[in-house]
Amino acid sequence: MAECRRLYVSRWVLVTLVIWCCVGSGLQLQAAQSLKTVRLGGIEYVNADEFGARFGLKATATNSGRKLLLTSAWTKLELEADSRECSINGLRVFLGDAAWYYKKSIHISRLDAEKLFTPILLAGDRDVPVPALRTIVLDPGHGGRDPGKENRRLSVNEKTLALDTARRLQRVLETMGYRVIMTRNEDMALGPDKVSDLLQRATIAKKSGADLFISLHFNAVGSDAQRVTGLEVYTLTPRGQYSTADPEHDDDKGAQVANPGNTNDHWNIQLGYQVHRRMIEELHVTDRGLKRARWAVLRQVECPAILVESGFLSNDAEARKIATPAYRQKIAEAIANGIQVYGNVLAGVRKVRGGQ
């Protein structure tokens, strides 16, 4: 069964790569051309119809123009005025800035056009350096005196489940040929306090020469605990934008900081999209979205990085599922398959560039 699964994934990856190579070279010049911007609410915006046209996407407006569908043979992008949510090929994705209805057209922020949509629609656009993908650092969240999220009714906690999932993911990735480093391989803290613990995780990645960093977590909520389920994937918030959990734009100071992780904005979102996509497709769980945050491990790590919240321990039914080794194995395989697709996208970009 494992061999059949790997064969299926390999074929799926090959199809993805062929499509990318066929369209990538033809759209490279178009996508790189600048679009006219307009300042709305103090933010630079571009016309979504015009942006989509650069990628061969046909625009269809509904709801008196306040909803917009951009489509091609392989892409379906849905936008709505005044919303920070959109849909990309059926996946829930959060914008940095809400879409704006202006002069009878939907507009998206220039930063979302450059830092969200372009990396997903055309990875490697504008001669962005292509990272290597040999060494992967896995970061099981929490540890030692910090249990992370807990479900005391079921006697499960985040630190234990995250470590087991990371070990499973390590084994899968190593069979794919990757070198895998763990930030912790036992129940331990990495520093005397929370700040030093988080910094040490990024330090391990740097010293290991990491090409990729995956921080593994499980979630919880205090209210509506038995209603909230699903997974979410986080990438670092680009400079000049506000995190998904900051709809009121309160973190002005954070928004102005260029963190080390922001050097990989382009590949962060491409990685996040591919892992998020495979997890939703393979695990069949509630899609809580591809989101942005300035988590410490994402800020400080110097290679493409994501933080994965693979389910809610506060929900008893979901916690029971996560507590089974079989389901944690599925989580590990889904993440690994997303990484494999990401790796093939990198290979596709190098091929289009003539082996660079």
# chains A, B, ... in the order shown; residues from 1 in each chain; ligands from 1
$ select_by_dssp --residues "region 33-151 of chain A" --states "helix (DSSP H, G or I)" --output "mmCIF file with C-alpha atoms, in the first residue's frame"
data_model
loop_
_atom_site.group_PDB
_atom_site.id
_atom_site.type_symbol
_atom_site.label_atom_id
_atom_site.label_comp_id
_atom_site.auth_asym_id
_atom_site.auth_seq_id
_atom_site.Cartn_x
_atom_site.Cartn_y
_atom_site.Cartn_z
ATOM 1 C CA ALA A 48 -7.722 42.239 -9.924
ATOM 2 C CA ASP A 49 -9.042 41.812 -13.505
ATOM 3 C CA GLU A 50 -5.830 43.244 -14.916
ATOM 4 C CA PHE A 51 -3.689 41.204 -12.555
ATOM 5 C CA GLY A 52 -5.489 38.001 -13.506
ATOM 6 C CA ALA A 53 -5.128 38.750 -17.196
ATOM 7 C CA ARG A 110 -0.086 45.309 -4.404
ATOM 8 C CA LEU A 111 1.573 43.294 -1.642
ATOM 9 C CA ASP A 112 -0.968 40.490 -1.972
ATOM 10 C CA ALA A 113 -0.441 40.509 -5.729
ATOM 11 C CA GLU A 114 3.325 40.231 -5.273
ATOM 12 C CA LYS A 115 3.655 38.228 -2.039
ATOM 13 C CA LEU A 116 0.625 35.908 -2.149
ATOM 14 C CA PHE A 117 -0.849 35.354 -5.598
ATOM 15 C CA THR A 118 2.236 35.553 -7.813
ATOM 16 C CA PRO A 119 4.260 32.951 -5.855
ATOM 17 C CA ILE A 120 1.316 30.539 -6.020
ATOM 18 C CA LEU A 121 0.377 31.198 -9.639
ATOM 19 C CA ASP A 125 8.691 34.829 -11.107
ATOM 20 C CA ARG A 126 11.007 37.840 -11.431
ATOM 21 C CA ASP A 127 14.162 35.738 -11.106
#
$ residues_around --residues "Ile214 (chain A)" --least-positions-apart "2" --cutoff "7 Å" --atoms "only C-alpha atoms" --output "mmCIF file with C-alpha atoms, in the first residue's frame"
data_model
loop_
_atom_site.group_PDB
_atom_site.id
_atom_site.type_symbol
_atom_site.label_atom_id
_atom_site.label_comp_id
_atom_site.auth_asym_id
_atom_site.auth_seq_id
_atom_site.Cartn_x
_atom_site.Cartn_y
_atom_site.Cartn_z
ATOM 1 C CA VAL A 137 14.604 20.772 10.004
ATOM 2 C CA LEU A 138 11.520 19.527 11.846
ATOM 3 C CA ASP A 139 10.469 21.421 14.945
ATOM 4 C CA LEU A 212 13.411 24.038 4.877
ATOM 5 C CA LEU A 216 4.627 21.084 14.041
ATOM 6 C CA ALA A 305 9.438 27.928 6.690
ATOM 7 C CA ILE A 306 5.891 27.138 7.775
ATOM 8 C CA LEU A 307 4.076 26.367 11.014
#
$ closest_atom_pairs --of "region 38-138 of chain A" --to "region 241-254 of chain A" --cutoff "10 Å" --atoms "only C-alpha atoms" --output "tab-separated table"
residue	atom	partner	partner_atom	distance
A:Ile43	CA	A:Gln241	CA	9.7
A:Arg84	CA	A:Thr244	CA	8.3
A:Glu85	CA	A:Thr244	CA	9.6
A:Phe94	CA	A:Thr244	CA	6.8
A:Leu95	CA	A:Thr244	CA	7.8
A:Gly96	CA	A:Gln241	CA	5.7
A:Asp97	CA	A:Gln241	CA	7.2
A:Ala98	CA	A:Pro247	CA	9.1
A:Ser109	CA	A:Gln241	CA	9.9
A:Leu111	CA	A:Gln241	CA	7.8
A:Asp112	CA	A:Gln241	CA	9.0
$ write_last_selection --atoms "N, CA and C atoms" --output "mmCIF file, in the first residue's frame"
data_model
loop_
_atom_site.group_PDB
_atom_site.id
_atom_site.type_symbol
_atom_site.label_atom_id
_atom_site.label_comp_id
_atom_site.auth_asym_id
_atom_site.auth_seq_id
_atom_site.Cartn_x
_atom_site.Cartn_y
_atom_site.Cartn_z
ATOM 1 N N ILE A 43 -3.340 52.158 1.372
ATOM 2 C CA ILE A 43 -2.650 50.965 0.869
ATOM 3 C C ILE A 43 -2.682 50.975 -0.652
ATOM 4 N N ARG A 84 -11.033 39.543 3.737
ATOM 5 C CA ARG A 84 -9.636 39.123 3.732
ATOM 6 C C ARG A 84 -9.505 37.651 3.363
ATOM 7 N N GLU A 85 -10.617 37.007 3.077
ATOM 8 C CA GLU A 85 -10.571 35.615 2.658
ATOM 9 C C GLU A 85 -10.756 35.502 1.150
ATOM 10 N N PHE A 94 -6.039 33.349 3.239
ATOM 11 C CA PHE A 94 -6.271 34.666 3.817
ATOM 12 C C PHE A 94 -5.351 35.707 3.204
ATOM 13 N N LEU A 95 -5.946 36.816 2.762
ATOM 14 C CA LEU A 95 -5.196 37.943 2.222
ATOM 15 C C LEU A 95 -4.554 38.740 3.347
ATOM 16 N N GLY A 96 -3.517 39.491 2.987
ATOM 17 C CA GLY A 96 -2.947 40.423 3.950
ATOM 18 C C GLY A 96 -3.833 41.645 4.122
ATOM 19 N N ASP A 97 -4.490 42.049 3.049
ATOM 20 C CA ASP A 97 -5.392 43.214 3.054
ATOM 21 C C ASP A 97 -6.707 42.832 2.395
ATOM 22 N N ALA A 98 -7.801 43.319 2.912
ATOM 23 C CA ALA A 98 -9.107 43.004 2.354
ATOM 24 C C ALA A 98 -9.210 43.494 0.909
ATOM 25 N N SER A 109 -4.539 44.258 -2.902
ATOM 26 C CA SER A 109 -3.383 45.066 -2.546
ATOM 27 C C SER A 109 -2.171 44.644 -3.377
ATOM 28 N N LEU A 111 0.794 44.290 -2.371
ATOM 29 C CA LEU A 111 1.573 43.294 -1.642
ATOM 30 C C LEU A 111 0.967 41.896 -1.762
ATOM 31 N N ASP A 112 -0.358 41.804 -1.759
ATOM 32 C CA ASP A 112 -0.968 40.490 -1.972
ATOM 33 C C ASP A 112 -0.703 39.997 -3.389
#
$ select_by_dssp --residues "region 131-288 of chain A" --states "strand (DSSP E)" --output "VMD selection string"
chain A and resid 135 to 140 150 to 151 156 to 157 179 to 182 212 to 219 231 to 236 287 to 288
$ residues_around --residues "Ile280 (chain A)" --least-positions-apart "5" --cutoff "9 Å" --atoms "only C-alpha atoms" --output "ChimeraX atom specification"
/A:91,231,275,285-287,334
$ closest_residue --among "A:Ala202, A:Leu271, A:Ala319, A:Val195" --to "Ala336 (chain A)" --atoms "only C-alpha atoms"
A:Leu271
$ closest_residue --among "A:Val228, A:Ala258, A:Ala205, A:Val38" --to "Arg294 (chain A)" --atoms "only C-alpha atoms"
A:Ala258
$ closest_residue --among "A:His284, A:Lys149, A:Lys291, A:Lys67" --to "Ile269 (chain A)" --atoms "only C-alpha atoms"
A:Lys291
$ residues_around --residues "Gly209 (chain A)" --least-positions-apart "4" --cutoff "12 Å" --atoms "only C-alpha atoms" --output "number ranges by chain"
A: 131-137, 179-181, 202-205, 213, 301-304
$ residues_around --residues "Thr75 (chain A)" --least-positions-apart "4" --cutoff "10 Å" --atoms "only C-alpha atoms" --output "compact mmCIF listing (two decimals) with C-alpha atoms, in the first residue's frame"
# COMPACT_ATOMS: atom_id res chain seq x y z
CA PHE A 55 -1.76 34.97 -15.86
CA GLY A 56 -4.28 34.14 -18.55
CA LEU A 57 -7.19 34.17 -16.07
CA LYS A 58 -10.67 35.03 -17.32
CA LEU A 70 -10.71 34.41 -12.09
CA THR A 71 -10.34 31.14 -13.97
CA ILE A 88 -7.56 29.41 -4.59
CA ASN A 89 -8.44 26.14 -6.31
CA GLY A 90 -10.95 25.42 -3.57
CA LEU A 121 0.38 31.20 -9.64
$ residues_around --residues "Leu163 (chain A)" --least-positions-apart "6" --cutoff "10 Å" --atoms "only C-alpha atoms" --output "ChimeraX atom specification"
/A:138-143,169,182-187,216-217
$ write_last_selection --atoms "N, CA and C atoms" --output "PDB file, in the first residue's frame"
ATOM      1  N   LEU A 138      12.854  19.705  11.282  1.00  0.00           N
ATOM      2  CA  LEU A 138      11.520  19.527  11.846  1.00  0.00           C
ATOM      3  C   LEU A 138      11.526  20.003  13.292  1.00  0.00           C
ATOM      4  N   ASP A 139      10.525  20.790  13.629  1.00  0.00           N
ATOM      5  CA  ASP A 139      10.469  21.421  14.945  1.00  0.00           C
ATOM      6  C   ASP A 139       9.195  21.017  15.679  1.00  0.00           C
ATOM      7  N   PRO A 140       9.252  19.949  16.505  1.00  0.00           N
ATOM      8  CA  PRO A 140       8.079  19.601  17.311  1.00  0.00           C
ATOM      9  C   PRO A 140       7.854  20.682  18.377  1.00  0.00           C
ATOM     10  N   GLY A 141       6.696  21.300  18.369  1.00  0.00           N
ATOM     11  CA  GLY A 141       6.437  22.419  19.269  1.00  0.00           C
ATOM     12  C   GLY A 141       6.478  22.043  20.739  1.00  0.00           C
ATOM     13  N   HIS A 142       6.877  23.048  21.556  1.00  0.00           N
ATOM     14  CA  HIS A 142       6.832  22.942  23.022  1.00  0.00           C
ATOM     15  C   HIS A 142       7.828  21.888  23.523  1.00  0.00           C
ATOM     16  N   GLY A 143       7.580  21.267  24.677  1.00  0.00           N
ATOM     17  CA  GLY A 143       8.488  20.284  25.244  1.00  0.00           C
ATOM     18  C   GLY A 143       8.922  20.638  26.654  1.00  0.00           C
ATOM     19  N   LEU A 169       7.188  11.901  10.470  1.00  0.00           N
ATOM     20  CA  LEU A 169       7.518  12.688   9.285  1.00  0.00           C
ATOM     21  C   LEU A 169       8.994  12.536   8.929  1.00  0.00           C
ATOM     22  N   MET A 182      16.098  17.168  13.716  1.00  0.00           N
ATOM     23  CA  MET A 182      15.034  17.478  14.670  1.00  0.00           C
ATOM     24  C   MET A 182      15.526  18.527  15.654  1.00  0.00           C
ATOM     25  N   THR A 183      14.695  19.535  15.944  1.00  0.00           N
ATOM     26  CA  THR A 183      15.090  20.506  16.967  1.00  0.00           C
ATOM     27  C   THR A 183      15.076  19.871  18.348  1.00  0.00           C
ATOM     28  N   ARG A 184      14.212  18.899  18.552  1.00  0.00           N
ATOM     29  CA  ARG A 184      14.248  18.090  19.775  1.00  0.00           C
ATOM     30  C   ARG A 184      13.759  16.697  19.428  1.00  0.00           C
ATOM     31  N   ASN A 185      14.388  15.692  20.039  1.00  0.00           N
ATOM     32  CA  ASN A 185      13.990  14.313  19.787  1.00  0.00           C
ATOM     33  C   ASN A 185      13.577  13.617  21.080  1.00  0.00           C
ATOM     34  N   GLU A 186      13.306  14.432  22.095  1.00  0.00           N
ATOM     35  CA  GLU A 186      12.825  13.927  23.366  1.00  0.00           C
ATOM     36  C   GLU A 186      12.017  15.018  24.045  1.00  0.00           C
ATOM     37  N   ASP A 187      11.431  14.697  25.176  1.00  0.00           N
ATOM     38  CA  ASP A 187      10.591  15.656  25.906  1.00  0.00           C
ATOM     39  C   ASP A 187      11.494  16.603  26.701  1.00  0.00           C
ATOM     40  N   LEU A 216       5.818  21.927  13.918  1.00  0.00           N
ATOM     41  CA  LEU A 216       4.627  21.084  14.041  1.00  0.00           C
ATOM     42  C   LEU A 216       3.901  21.343  15.356  1.00  0.00           C
ATOM     43  N   HIS A 217       2.599  21.597  15.249  1.00  0.00           N
ATOM     44  CA  HIS A 217       1.791  21.948  16.424  1.00  0.00           C
ATOM     45  C   HIS A 217       0.397  21.355  16.322  1.00  0.00           C
TER      46      HIS A 217
END
